[in-house]
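The file data-v7.pdb comes next; it holds PDB, C-alpha atoms.
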```pdb
MODEL        1
ATOM      1  CA  MET A   1     -14.916  -1.383 -31.769
ATOM      2  CA  ASN A   2     -16.314   0.268 -34.871
ATOM      3  CA  PRO A   3     -14.822   3.781 -34.649
ATOM      4  CA  GLN A   4     -18.021   5.387 -35.963
ATOM      5  CA  ILE A   5     -20.273   6.097 -32.992
ATOM      6  CA  ILE A   6     -23.852   7.210 -33.616
ATOM      7  CA  ASP A   7     -26.189   8.822 -31.093
ATOM      8  CA  ILE A   8     -29.958   8.468 -31.655
ATOM      9  CA  HIS A   9     -31.211  10.696 -28.824
ATOM     10  CA  PRO A  10     -29.652  14.157 -28.434
ATOM     11  CA  HIS A  11     -31.779  17.320 -28.439
ATOM     12  CA  ILE A  12     -31.195  20.857 -29.718
ATOM     13  CA  ILE A  13     -32.690  24.184 -28.578
ATOM     14  CA  SER A  14     -32.322  27.397 -30.568
ATOM     15  CA  ASP A  15     -30.938  30.532 -28.943
ATOM     16  CA  ASP A  16     -33.183  32.603 -31.234
ATOM     17  CA  GLU A  17     -36.593  32.644 -29.543
ATOM     18  CA  ARG A  18     -37.992  35.158 -32.009
ATOM     19  CA  ARG A  19     -37.417  32.809 -34.911
ATOM     20  CA  TYR A  20     -38.192  29.651 -32.926
ATOM     21  CA  PRO A  21     -40.608  30.653 -30.123
ATOM     22  CA  PRO A  22     -41.126  28.108 -27.341
ATOM     23  CA  ALA A  23     -44.586  26.550 -27.229
ATOM     24  CA  PRO A  24     -44.183  23.473 -25.015
ATOM     25  CA  LEU A  25     -46.454  20.484 -25.204
ATOM     26  CA  PHE A  26     -48.840  20.333 -22.234
ATOM     27  CA  GLY A  27     -48.120  24.034 -21.574
ATOM     28  CA  LYS A  28     -45.094  23.515 -19.316
ATOM     29  CA  ARG A  29     -41.543  23.938 -20.544
ATOM     30  CA  SER A  30     -38.920  21.491 -19.311
ATOM     31  CA  GLU A  31     -36.324  22.794 -16.885
ATOM     32  CA  TRP A  32     -33.407  21.262 -18.776
ATOM     33  CA  SER A  33     -34.286  23.152 -21.970
ATOM     34  CA  GLN A  34     -33.937  26.418 -20.064
ATOM     35  CA  GLU A  35     -30.954  25.477 -17.891
ATOM     36  CA  ARG A  36     -28.897  23.515 -20.459
ATOM     37  CA  PRO A  37     -29.999  24.633 -23.937
ATOM     38  CA  THR A  38     -27.837  23.249 -26.722
ATOM     39  CA  THR A  39     -27.909  24.709 -30.211
ATOM     40  CA  VAL A  40     -27.129  22.581 -33.234
ATOM     41  CA  GLU A  41     -23.697  24.219 -33.420
ATOM     42  CA  THR A  42     -23.051  23.361 -29.763
ATOM     43  CA  LEU A  43     -24.167  19.786 -30.390
ATOM     44  CA  ILE A  44     -21.754  19.410 -33.296
ATOM     45  CA  ALA A  45     -18.927  20.757 -31.121
ATOM     46  CA  ALA A  46     -19.866  18.306 -28.348
ATOM     47  CA  MET A  47     -19.973  15.457 -30.865
ATOM     48  CA  ASN A  48     -16.516  16.407 -32.108
ATOM     49  CA  ASP A  49     -15.168  16.461 -28.557
ATOM     50  CA  ALA A  50     -16.755  13.088 -27.724
ATOM     51  CA  GLY A  51     -15.873  11.336 -30.972
ATOM     52  CA  VAL A  52     -19.511  10.895 -32.012
ATOM     53  CA  ALA A  53     -19.707  10.743 -35.802
ATOM     54  CA  LYS A  54     -23.428  11.171 -36.459
ATOM     55  CA  ALA A  55     -26.756  11.599 -34.694
ATOM     56  CA  ALA A  56     -30.514  11.310 -35.044
ATOM     57  CA  VAL A  57     -31.590  14.488 -33.256
ATOM     58  CA  VAL A  58     -34.873  14.233 -31.368
ATOM     59  CA  HIS A  59     -37.226  17.206 -31.378
ATOM     60  CA  SER A  60     -37.864  18.771 -27.965
ATOM     61  CA  SER A  61     -41.618  18.514 -27.442
ATOM     62  CA  THR A  62     -41.301  20.196 -24.056
ATOM     63  CA  THR A  63     -39.895  23.260 -25.814
ATOM     64  CA  TYR A  64     -41.589  23.487 -29.196
ATOM     65  CA  GLY A  65     -44.700  21.302 -29.039
ATOM     66  CA  PHE A  66     -45.414  20.092 -32.568
ATOM     67  CA  ASP A  67     -43.338  22.721 -34.383
ATOM     68  CA  ASN A  68     -40.372  20.790 -35.769
ATOM     69  CA  SER A  69     -38.839  23.793 -37.524
ATOM     70  CA  TYR A  70     -35.653  24.022 -35.501
ATOM     71  CA  VAL A  71     -34.769  20.342 -35.465
ATOM     72  CA  VAL A  72     -35.401  20.083 -39.217
ATOM     73  CA  GLU A  73     -33.615  23.288 -40.168
ATOM     74  CA  GLY A  74     -30.789  22.712 -37.707
ATOM     75  CA  CYS A  75     -30.074  19.205 -38.944
ATOM     76  CA  ALA A  76     -30.244  20.422 -42.550
ATOM     77  CA  GLN A  77     -27.142  22.508 -41.828
ATOM     78  CA  TYR A  78     -25.164  19.282 -41.267
ATOM     79  CA  PRO A  79     -26.718  16.761 -43.669
ATOM     80  CA  ASP A  80     -23.668  14.506 -43.596
ATOM     81  CA  ARG A  81     -23.901  14.109 -39.812
ATOM     82  CA  LEU A  82     -27.463  14.698 -38.594
ATOM     83  CA  VAL A  83     -31.017  13.572 -39.272
ATOM     84  CA  ALA A  84     -34.142  14.944 -37.617
ATOM     85  CA  VAL A  85     -36.768  13.080 -35.596
ATOM     86  CA  GLY A  86     -39.915  15.134 -35.023
ATOM     87  CA  SER A  87     -43.339  15.107 -33.393
ATOM     88  CA  VAL A  88     -46.784  15.465 -34.948
ATOM     89  CA  ASP A  89     -50.232  15.426 -33.359
ATOM     90  CA  VAL A  90     -51.261  12.062 -34.798
ATOM     91  CA  LEU A  91     -54.832  12.431 -33.500
ATOM     92  CA  GLN A  92     -55.618  15.253 -35.916
ATOM     93  CA  PRO A  93     -57.434  14.423 -39.175
ATOM     94  CA  ASN A  94     -54.691  16.108 -41.217
ATOM     95  CA  ALA A  95     -51.846  14.237 -39.488
ATOM     96  CA  PRO A  96     -50.812  12.281 -42.627
ATOM     97  CA  GLU A  97     -50.644  15.520 -44.635
ATOM     98  CA  VAL A  98     -48.583  17.184 -41.900
ATOM     99  CA  ILE A  99     -46.219  14.214 -41.692
ATOM    100  CA  ARG A 100     -45.697  14.271 -45.461
ATOM    101  CA  GLY A 101     -44.905  17.959 -45.255
ATOM    102  CA  TRP A 102     -42.233  17.483 -42.591
ATOM    103  CA  HIS A 103     -40.895  14.407 -44.397
ATOM    104  CA  ASP A 104     -40.475  16.507 -47.547
ATOM    105  CA  ARG A 105     -38.443  18.947 -45.446
ATOM    106  CA  GLY A 106     -36.131  16.181 -44.278
ATOM    107  CA  LEU A 107     -37.763  14.525 -41.278
ATOM    108  CA  ALA A 108     -36.329  11.006 -40.912
ATOM    109  CA  GLY A 109     -38.453   9.707 -38.050
ATOM    110  CA  LEU A 110     -41.275  10.504 -35.649
ATOM    111  CA  ARG A 111     -41.766  10.450 -31.896
ATOM    112  CA  LEU A 112     -44.845  10.139 -29.710
ATOM    113  CA  PHE A 113     -44.347  11.936 -26.402
ATOM    114  CA  THR A 114     -46.976  10.671 -23.956
ATOM    115  CA  GLY A 115     -45.404  12.166 -20.836
ATOM    116  CA  GLY A 116     -42.155  12.566 -18.983
ATOM    117  CA  SER A 117     -40.506  15.398 -17.096
ATOM    118  CA  THR A 118     -43.477  17.773 -17.377
ATOM    119  CA  LYS A 119     -46.485  15.435 -17.284
ATOM    120  CA  GLU A 120     -47.529  12.005 -16.034
ATOM    121  CA  PHE A 121     -47.703   9.340 -18.732
ATOM    122  CA  ASP A 122     -51.005   9.037 -20.581
ATOM    123  CA  PRO A 123     -50.871   6.163 -23.083
ATOM    124  CA  SER A 124     -54.439   6.648 -24.291
ATOM    125  CA  GLU A 125     -53.392   8.322 -27.536
ATOM    126  CA  LEU A 126     -51.181   5.411 -28.497
ATOM    127  CA  ASP A 127     -53.982   3.075 -29.513
ATOM    128  CA  ASP A 128     -56.517   5.759 -30.419
ATOM    129  CA  PRO A 129     -57.934   4.776 -33.854
ATOM    130  CA  ARG A 130     -57.631   8.403 -34.951
ATOM    131  CA  SER A 131     -53.853   7.874 -35.036
ATOM    132  CA  PHE A 132     -53.943   4.847 -37.323
ATOM    133  CA  PRO A 133     -53.775   6.776 -40.633
ATOM    134  CA  ALA A 134     -50.534   8.357 -39.405
ATOM    135  CA  TRP A 135     -49.150   4.927 -38.588
ATOM    136  CA  ASP A 136     -50.130   3.641 -42.026
ATOM    137  CA  LEU A 137     -48.184   6.507 -43.573
ATOM    138  CA  CYS A 138     -45.145   5.752 -41.417
ATOM    139  CA  ALA A 139     -45.164   2.241 -42.851
ATOM    140  CA  GLU A 140     -45.409   3.639 -46.372
ATOM    141  CA  LEU A 141     -42.609   6.177 -45.880
ATOM    142  CA  LYS A 142     -40.449   3.813 -43.801
ATOM    143  CA  LEU A 143     -40.394   6.274 -40.913
ATOM    144  CA  PRO A 144     -39.464   4.725 -37.556
ATOM    145  CA  MET A 145     -41.582   5.782 -34.569
ATOM    146  CA  CYS A 146     -40.041   6.523 -31.172
ATOM    147  CA  ILE A 147     -42.389   6.197 -28.228
ATOM    148  CA  GLN A 148     -41.854   7.901 -24.888
ATOM    149  CA  THR A 149     -43.842   6.022 -22.252
ATOM    150  CA  GLY A 150     -43.455   3.991 -19.094
ATOM    151  CA  PRO A 151     -44.566   0.454 -18.209
ATOM    152  CA  ILE A 152     -48.174   1.704 -18.131
ATOM    153  CA  GLY A 153     -48.062   2.132 -21.903
ATOM    154  CA  LEU A 154     -46.509  -1.189 -22.902
ATOM    155  CA  PRO A 155     -49.850  -2.929 -23.612
ATOM    156  CA  GLN A 156     -50.603  -0.201 -26.140
ATOM    157  CA  VAL A 157     -47.088  -0.463 -27.592
ATOM    158  CA  THR A 158     -47.618  -4.206 -28.005
ATOM    159  CA  ALA A 159     -50.916  -3.647 -29.803
ATOM    160  CA  LEU A 160     -49.366  -1.081 -32.144
ATOM    161  CA  ALA A 161     -46.427  -3.336 -32.989
ATOM    162  CA  LYS A 162     -48.853  -6.084 -33.956
ATOM    163  CA  ARG A 163     -51.187  -3.796 -35.908
ATOM    164  CA  PHE A 164     -48.361  -2.059 -37.800
ATOM    165  CA  PRO A 165     -45.610  -4.650 -38.340
ATOM    166  CA  GLY A 166     -44.112  -2.502 -41.095
ATOM    167  CA  VAL A 167     -43.225   0.304 -38.665
ATOM    168  CA  ASP A 168     -40.065   0.071 -36.589
ATOM    169  CA  ILE A 169     -40.955   1.171 -33.041
ATOM    170  CA  ILE A 170     -38.145   2.503 -30.867
ATOM    171  CA  LEU A 171     -38.916   2.524 -27.151
ATOM    172  CA  ASP A 172     -37.276   5.503 -25.453
ATOM    173  CA  HIS A 173     -35.355   4.621 -22.284
ATOM    174  CA  LEU A 174     -36.425   0.940 -22.698
ATOM    175  CA  GLY A 175     -39.881   2.011 -21.522
ATOM    176  CA  ARG A 176     -38.428   2.847 -18.092
ATOM    177  CA  PRO A 177     -38.385  -0.667 -16.593
ATOM    178  CA  GLU A 178     -37.994  -1.313 -12.867
ATOM    179  CA  VAL A 179     -34.665  -3.128 -12.482
ATOM    180  CA  ALA A 180     -33.561  -2.549  -8.878
ATOM    181  CA  ASP A 181     -34.738  -6.038  -7.894
ATOM    182  CA  GLY A 182     -31.808  -7.465  -9.862
ATOM    183  CA  ALA A 183     -31.511 -10.753 -11.719
ATOM    184  CA  PRO A 184     -33.655 -12.327 -13.052
ATOM    185  CA  TYR A 185     -35.359  -8.891 -13.274
ATOM    186  CA  ALA A 186     -38.886 -10.105 -12.676
ATOM    187  CA  LYS A 187     -40.215  -6.557 -12.324
ATOM    188  CA  ALA A 188     -39.069  -5.790 -15.884
ATOM    189  CA  GLN A 189     -40.926  -8.766 -17.335
ATOM    190  CA  SER A 190     -43.328  -6.569 -19.315
ATOM    191  CA  MET A 191     -40.352  -5.096 -21.157
ATOM    192  CA  PHE A 192     -38.791  -8.482 -21.883
ATOM    193  CA  GLU A 193     -42.106  -9.729 -23.275
ATOM    194  CA  LEU A 194     -41.763  -7.168 -26.068
ATOM    195  CA  ALA A 195     -38.851  -9.166 -27.470
ATOM    196  CA  ALA A 196     -41.302 -11.438 -29.273
ATOM    197  CA  LEU A 197     -42.262  -8.526 -31.530
ATOM    198  CA  PRO A 198     -39.531  -8.117 -34.175
ATOM    199  CA  ASN A 199     -40.317  -4.479 -34.987
ATOM    200  CA  ILE A 200     -39.703  -3.219 -31.438
ATOM    201  CA  TYR A 201     -36.305  -1.685 -30.711
ATOM    202  CA  LEU A 202     -34.894  -0.394 -27.417
ATOM    203  CA  LYS A 203     -33.044   2.864 -26.899
ATOM    204  CA  LEU A 204     -30.308   2.647 -24.238
ATOM    205  CA  THR A 205     -29.972   6.021 -22.510
ATOM    206  CA  PRO A 206     -28.404   7.442 -19.310
ATOM    207  CA  ARG A 207     -31.523   6.551 -17.347
ATOM    208  CA  ILE A 208     -30.923   2.808 -17.633
ATOM    209  CA  PHE A 209     -27.166   3.144 -17.133
ATOM    210  CA  GLY A 210     -27.938   4.775 -13.794
ATOM    211  CA  ASP A 211     -30.713   2.366 -12.820
ATOM    212  CA  VAL A 212     -28.582  -0.755 -13.346
ATOM    213  CA  ARG A 213     -26.288   0.412 -10.562
ATOM    214  CA  LYS A 214     -29.077   0.663  -7.971
ATOM    215  CA  GLY A 215     -30.353  -1.993  -5.593
ATOM    216  CA  SER A 216     -29.438  -5.504  -6.717
ATOM    217  CA  ALA A 217     -29.050  -4.572 -10.395
ATOM    218  CA  THR A 218     -25.719  -4.656 -12.197
ATOM    219  CA  PRO A 219     -24.705  -3.967 -15.798
ATOM    220  CA  GLU A 220     -23.154  -7.428 -15.986
ATOM    221  CA  THR A 221     -26.440  -9.194 -15.172
ATOM    222  CA  PHE A 222     -28.866  -6.867 -16.961
ATOM    223  CA  PHE A 223     -27.421  -6.014 -20.370
ATOM    224  CA  PRO A 224     -26.469  -9.562 -21.436
ATOM    225  CA  LYS A 225     -30.040 -10.594 -20.567
ATOM    226  CA  VAL A 226     -31.442  -7.786 -22.743
ATOM    227  CA  VAL A 227     -29.160  -8.768 -25.621
ATOM    228  CA  ALA A 228     -30.151 -12.412 -25.255
ATOM    229  CA  ALA A 229     -33.832 -11.461 -25.458
ATOM    230  CA  PHE A 230     -33.826  -8.809 -28.185
ATOM    231  CA  GLY A 231     -30.521  -9.220 -29.975
ATOM    232  CA  ALA A 232     -28.023  -6.362 -30.181
ATOM    233  CA  HIS A 233     -29.390  -5.541 -33.640
ATOM    234  CA  ARG A 234     -32.498  -4.144 -31.915
ATOM    235  CA  LEU A 235     -30.630  -2.025 -29.375
ATOM    236  CA  ALA A 236     -29.198   1.444 -29.961
ATOM    237  CA  TRP A 237     -27.459   4.032 -27.815
ATOM    238  CA  GLY A 238     -28.946   7.483 -27.207
ATOM    239  CA  SER A 239     -27.223  10.142 -25.118
ATOM    240  CA  ASN A 240     -30.270  12.195 -24.034
ATOM    241  CA  PHE A 241     -27.819  15.120 -24.179
ATOM    242  CA  PRO A 242     -28.274  17.771 -22.836
ATOM    243  CA  THR A 243     -31.386  16.598 -20.950
ATOM    244  CA  SER A 244     -29.195  14.270 -18.906
ATOM    245  CA  PRO A 245     -26.465  16.123 -17.002
ATOM    246  CA  GLY A 246     -22.834  15.869 -18.020
ATOM    247  CA  THR A 247     -20.881  16.423 -21.202
ATOM    248  CA  LEU A 248     -21.595  14.253 -24.217
ATOM    249  CA  ALA A 249     -18.153  12.709 -23.777
ATOM    250  CA  GLU A 250     -18.950  11.803 -20.161
ATOM    251  CA  ILE A 251     -22.336  10.345 -21.107
ATOM    252  CA  LEU A 252     -20.743   8.230 -23.836
ATOM    253  CA  ALA A 253     -17.989   7.026 -21.486
ATOM    254  CA  THR A 254     -20.591   5.857 -18.958
ATOM    255  CA  ALA A 255     -22.443   3.940 -21.658
ATOM    256  CA  GLN A 256     -19.264   2.316 -22.943
ATOM    257  CA  ASP A 257     -18.233   1.320 -19.431
ATOM    258  CA  SER A 258     -21.669  -0.141 -18.681
ATOM    259  CA  LEU A 259     -21.677  -2.177 -21.902
ATOM    260  CA  ALA A 260     -18.091  -3.419 -21.610
ATOM    261  CA  CYS A 261     -19.526  -6.778 -20.528
ATOM    262  CA  LEU A 262     -20.852  -7.342 -24.065
ATOM    263  CA  SER A 263     -19.003  -8.653 -27.092
ATOM    264  CA  THR A 264     -17.313  -6.333 -29.569
ATOM    265  CA  GLU A 265     -19.896  -7.197 -32.209
ATOM    266  CA  ASP A 266     -22.803  -6.475 -29.847
ATOM    267  CA  ARG A 267     -21.319  -3.094 -28.978
ATOM    268  CA  GLU A 268     -20.827  -2.274 -32.645
ATOM    269  CA  TRP A 269     -24.541  -2.833 -33.202
ATOM    270  CA  ILE A 270     -25.532  -0.741 -30.180
ATOM    271  CA  PHE A 271     -23.209   2.167 -30.895
ATOM    272  CA  SER A 272     -23.515   2.252 -34.668
ATOM    273  CA  ARG A 273     -25.072  -0.418 -36.830
ATOM    274  CA  THR A 274     -28.600  -0.452 -35.347
ATOM    275  CA  ALA A 275     -28.779   3.328 -35.795
ATOM    276  CA  GLN A 276     -27.812   2.953 -39.449
ATOM    277  CA  LYS A 277     -30.480   0.309 -39.877
ATOM    278  CA  LEU A 278     -33.174   2.517 -38.334
ATOM    279  CA  TYR A 279     -32.035   5.711 -40.063
ATOM    280  CA  PRO A 280     -30.387   4.744 -43.377
ATOM    281  CA  ALA A 281     -29.286   8.325 -44.008
ATOM    282  CA  LEU A 282     -26.784   7.852 -41.147
ATOM    283  CA  ALA A 283     -25.130   4.904 -42.912
TER     284      ALA A 283
ENDMDL
END
```
Take the structure from the file and write it as structure tokens.
Amino acid sequence: MNPQIIDIHPHIISDDERRYPPAPLFGKRSEWSQERPTTVETLIAAMNDAGVAKAAVVHSSTTYGFDNSYVVEGCAQYPDRLVAVGSVDVLQPNAPEVIRGWHDRGLAGLRLFTGGSTKEFDPSELDDPRSFPAWDLCAELKLPMCIQTGPIGLPQVTALAKRFPGVDIILDHLGRPEVADGAPYAKAQSMFELAALPNIYLKLTPRIFGDVRKGSATPETFFPKVVAAFGAHRLAWGSNFPTSPGTLAEILATAQDSLACLSTEDREWIFSRTAQKLYPALA
């Protein structure tokens, strides 16, 4: 295995609420951000303990809404190890200007949060024409776009991938496919159909590592099928730490165990090389 492990989905929460006041998207703060807050210093310590070399830190929309100050300023303290992925309201007329401003401050990627722990998924903003100028700018600046949605949003994701082939789209949690039916995973067909679009990438997180051990699903039947469809060069590991329970070391160990059925080269892509491709500053 390549000894350099890279995580593309941890979060950080400041312990200074006066400097970084919470203002959660949709008006409801996530429970994890209050119960398991992790500062950038705590993340670095957890990375050291787990043997994680670098990370693309994802802004917590359910804590700070569209204010990326903490993720940008926190990652700037460790420029050799961290890059920041933020969120912008892409429906606003000034979205391109706002994105340029955050990019100038070090933002390395964007994320669209259409729902999750605090709100049901609403994919309507994904293909809203008001967002298209922001997508055009992402292509210009080579900013990858993470999308948090479920199967309900995959038609919109497909349309965006076709409309903006110059933007790498990273689907959080694989788009939350239903896999309990087991091989050949017919209920996850909408996810597998995305493989035909070369700019769509999948983020492997604790959610899928748990789901593949339910019902008739197994890691040994699911992950080789995903690799066969997408190629390991379009798959990357994300810890979802501290949103997902457990230490970063425990989360990484679960991922490594679940992917032990893959080749060494495939695992190198998933745990390192795909991340470096998506976020060159991590190379």
Residues near Gly109 (chain A), cut-off 6 Å, all atoms listed in the file, skip fewer than 4 positions along chain, as a PyMOL selection string: chain A and resi 85+143-144
Store the residues picked out above, limited to C-alpha atoms, as a PDB file, keeping the file's coordinate frame.
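out_12.pdb was written with the following content:
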```pdb
ATOM      1  CA  VAL A  85     -36.768  13.080 -35.596  1.00  0.00           C
ATOM      2  CA  LEU A 143     -40.394   6.274 -40.913  1.00  0.00           C
ATOM      3  CA  PRO A 144     -39.464   4.725 -37.556  1.00  0.00           C
TER       4      PRO A 144
END
```
Computed interatomic separation between CA of Thr63 (chain A) and CA of Pro24 (chain A) (Å):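 Result for CA of Thr63 (chain A) versus CA of Pro24 (chain A): 4.4 Å, one decimal.
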Hits from the PyMOL selection byres ((chain A and resi 193) around 12), listed as a ChimeraX atom specification: /A:151,154-155,157-158,177,186-192,194-198,200,226,229-230
Among the residues A:Pro10, A:Gly215, A:Gly106, A:Pro21, the one that comes closest to Thr42 (chain A) [using only C-alpha atoms]: A:Pro10
Residues matched by the PyMOL selection byres ((chain A and resi 240-247) around 8) as a PyMOL selection string: chain A and resi 9-11+32-33+36-38+46+205-206+238-239+248-251
Care to translate the PyMOL selection byres ((chain A and resi 132) around 12) into actual residues of this file, as a PDB file with C-alpha atoms, in the coordinates of the input?
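Output below, filename selection.pdb:
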```pdb
ATOM      1  CA  ASP A  89     -50.232  15.426 -33.359  1.00  0.00           C
ATOM      2  CA  VAL A  90     -51.261  12.062 -34.798  1.00  0.00           C
ATOM      3  CA  LEU A  91     -54.832  12.431 -33.500  1.00  0.00           C
ATOM      4  CA  GLN A  92     -55.618  15.253 -35.916  1.00  0.00           C
ATOM      5  CA  PRO A  93     -57.434  14.423 -39.175  1.00  0.00           C
ATOM      6  CA  ASN A  94     -54.691  16.108 -41.217  1.00  0.00           C
ATOM      7  CA  ALA A  95     -51.846  14.237 -39.488  1.00  0.00           C
ATOM      8  CA  PRO A  96     -50.812  12.281 -42.627  1.00  0.00           C
ATOM      9  CA  GLU A 125     -53.392   8.322 -27.536  1.00  0.00           C
ATOM     10  CA  LEU A 126     -51.181   5.411 -28.497  1.00  0.00           C
ATOM     11  CA  ASP A 127     -53.982   3.075 -29.513  1.00  0.00           C
ATOM     12  CA  ASP A 128     -56.517   5.759 -30.419  1.00  0.00           C
ATOM     13  CA  PRO A 129     -57.934   4.776 -33.854  1.00  0.00           C
ATOM     14  CA  ARG A 130     -57.631   8.403 -34.951  1.00  0.00           C
ATOM     15  CA  SER A 131     -53.853   7.874 -35.036  1.00  0.00           C
ATOM     16  CA  PRO A 133     -53.775   6.776 -40.633  1.00  0.00           C
ATOM     17  CA  ALA A 134     -50.534   8.357 -39.405  1.00  0.00           C
ATOM     18  CA  TRP A 135     -49.150   4.927 -38.588  1.00  0.00           C
ATOM     19  CA  ASP A 136     -50.130   3.641 -42.026  1.00  0.00           C
ATOM     20  CA  LEU A 137     -48.184   6.507 -43.573  1.00  0.00           C
ATOM     21  CA  CYS A 138     -45.145   5.752 -41.417  1.00  0.00           C
ATOM     22  CA  ALA A 139     -45.164   2.241 -42.851  1.00  0.00           C
ATOM     23  CA  ALA A 159     -50.916  -3.647 -29.803  1.00  0.00           C
ATOM     24  CA  LEU A 160     -49.366  -1.081 -32.144  1.00  0.00           C
ATOM     25  CA  ALA A 161     -46.427  -3.336 -32.989  1.00  0.00           C
ATOM     26  CA  ARG A 163     -51.187  -3.796 -35.908  1.00  0.00           C
ATOM     27  CA  PHE A 164     -48.361  -2.059 -37.800  1.00  0.00           C
ATOM     28  CA  VAL A 167     -43.225   0.304 -38.665  1.00  0.00           C
TER      29      VAL A 167
END
```
Minimum-distance residue to Thr218 (chain A), chosen among A:Tyr201, A:Phe113, A:Tyr185, A:Phe26 (using all atoms listed in the file):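 For Thr218 (chain A), the nearest of the given residues is A:Tyr185.
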Emit region 211-238 of chain A of the structure in the block as a file comprising C-alpha atoms, as an mmCIF file, in the first residue's frame.
```cif
data_model
loop_
_atom_site.group_PDB
_atom_site.id
_atom_site.type_symbol
_atom_site.label_atom_id
_atom_site.label_comp_id
_atom_site.auth_asym_id
_atom_site.auth_seq_id
_atom_site.Cartn_x
_atom_site.Cartn_y
_atom_site.Cartn_z
ATOM 1 C CA ASP A 211 -24.549 -0.651 4.428
ATOM 2 C CA VAL A 212 -22.548 -3.357 2.631
ATOM 3 C CA ARG A 213 -22.780 -5.514 5.739
ATOM 4 C CA LYS A 214 -26.592 -5.430 5.868
ATOM 5 C CA GLY A 215 -29.074 -7.782 4.241
ATOM 6 C CA SER A 216 -27.550 -9.727 1.357
ATOM 7 C CA ALA A 217 -24.795 -7.179 0.673
ATOM 8 C CA THR A 218 -21.124 -7.917 1.249
ATOM 9 C CA PRO A 219 -17.955 -5.894 0.673
ATOM 10 C CA GLU A 220 -16.600 -8.701 -1.497
ATOM 11 C CA THR A 221 -19.521 -8.522 -3.950
ATOM 12 C CA PHE A 222 -20.149 -4.766 -3.909
ATOM 13 C CA PHE A 223 -16.797 -2.985 -4.088
ATOM 14 C CA PRO A 224 -15.285 -5.006 -6.962
ATOM 15 C CA LYS A 225 -18.470 -4.265 -8.930
ATOM 16 C CA VAL A 226 -18.096 -0.527 -8.237
ATOM 17 C CA VAL A 227 -14.443 -0.617 -9.287
ATOM 18 C CA ALA A 228 -15.326 -2.522 -12.447
ATOM 19 C CA ALA A 229 -17.916 0.118 -13.350
ATOM 20 C CA PHE A 230 -16.130 3.345 -12.419
ATOM 21 C CA GLY A 231 -12.478 2.415 -12.109
ATOM 22 C CA ALA A 232 -10.577 2.953 -8.862
ATOM 23 C CA HIS A 233 -9.256 6.229 -10.287
ATOM 24 C CA ARG A 234 -12.744 7.692 -9.758
ATOM 25 C CA LEU A 235 -13.149 6.481 -6.180
ATOM 26 C CA ALA A 236 -11.788 8.179 -3.066
ATOM 27 C CA TRP A 237 -12.032 7.556 0.660
ATOM 28 C CA GLY A 238 -13.624 10.073 3.029
#
```
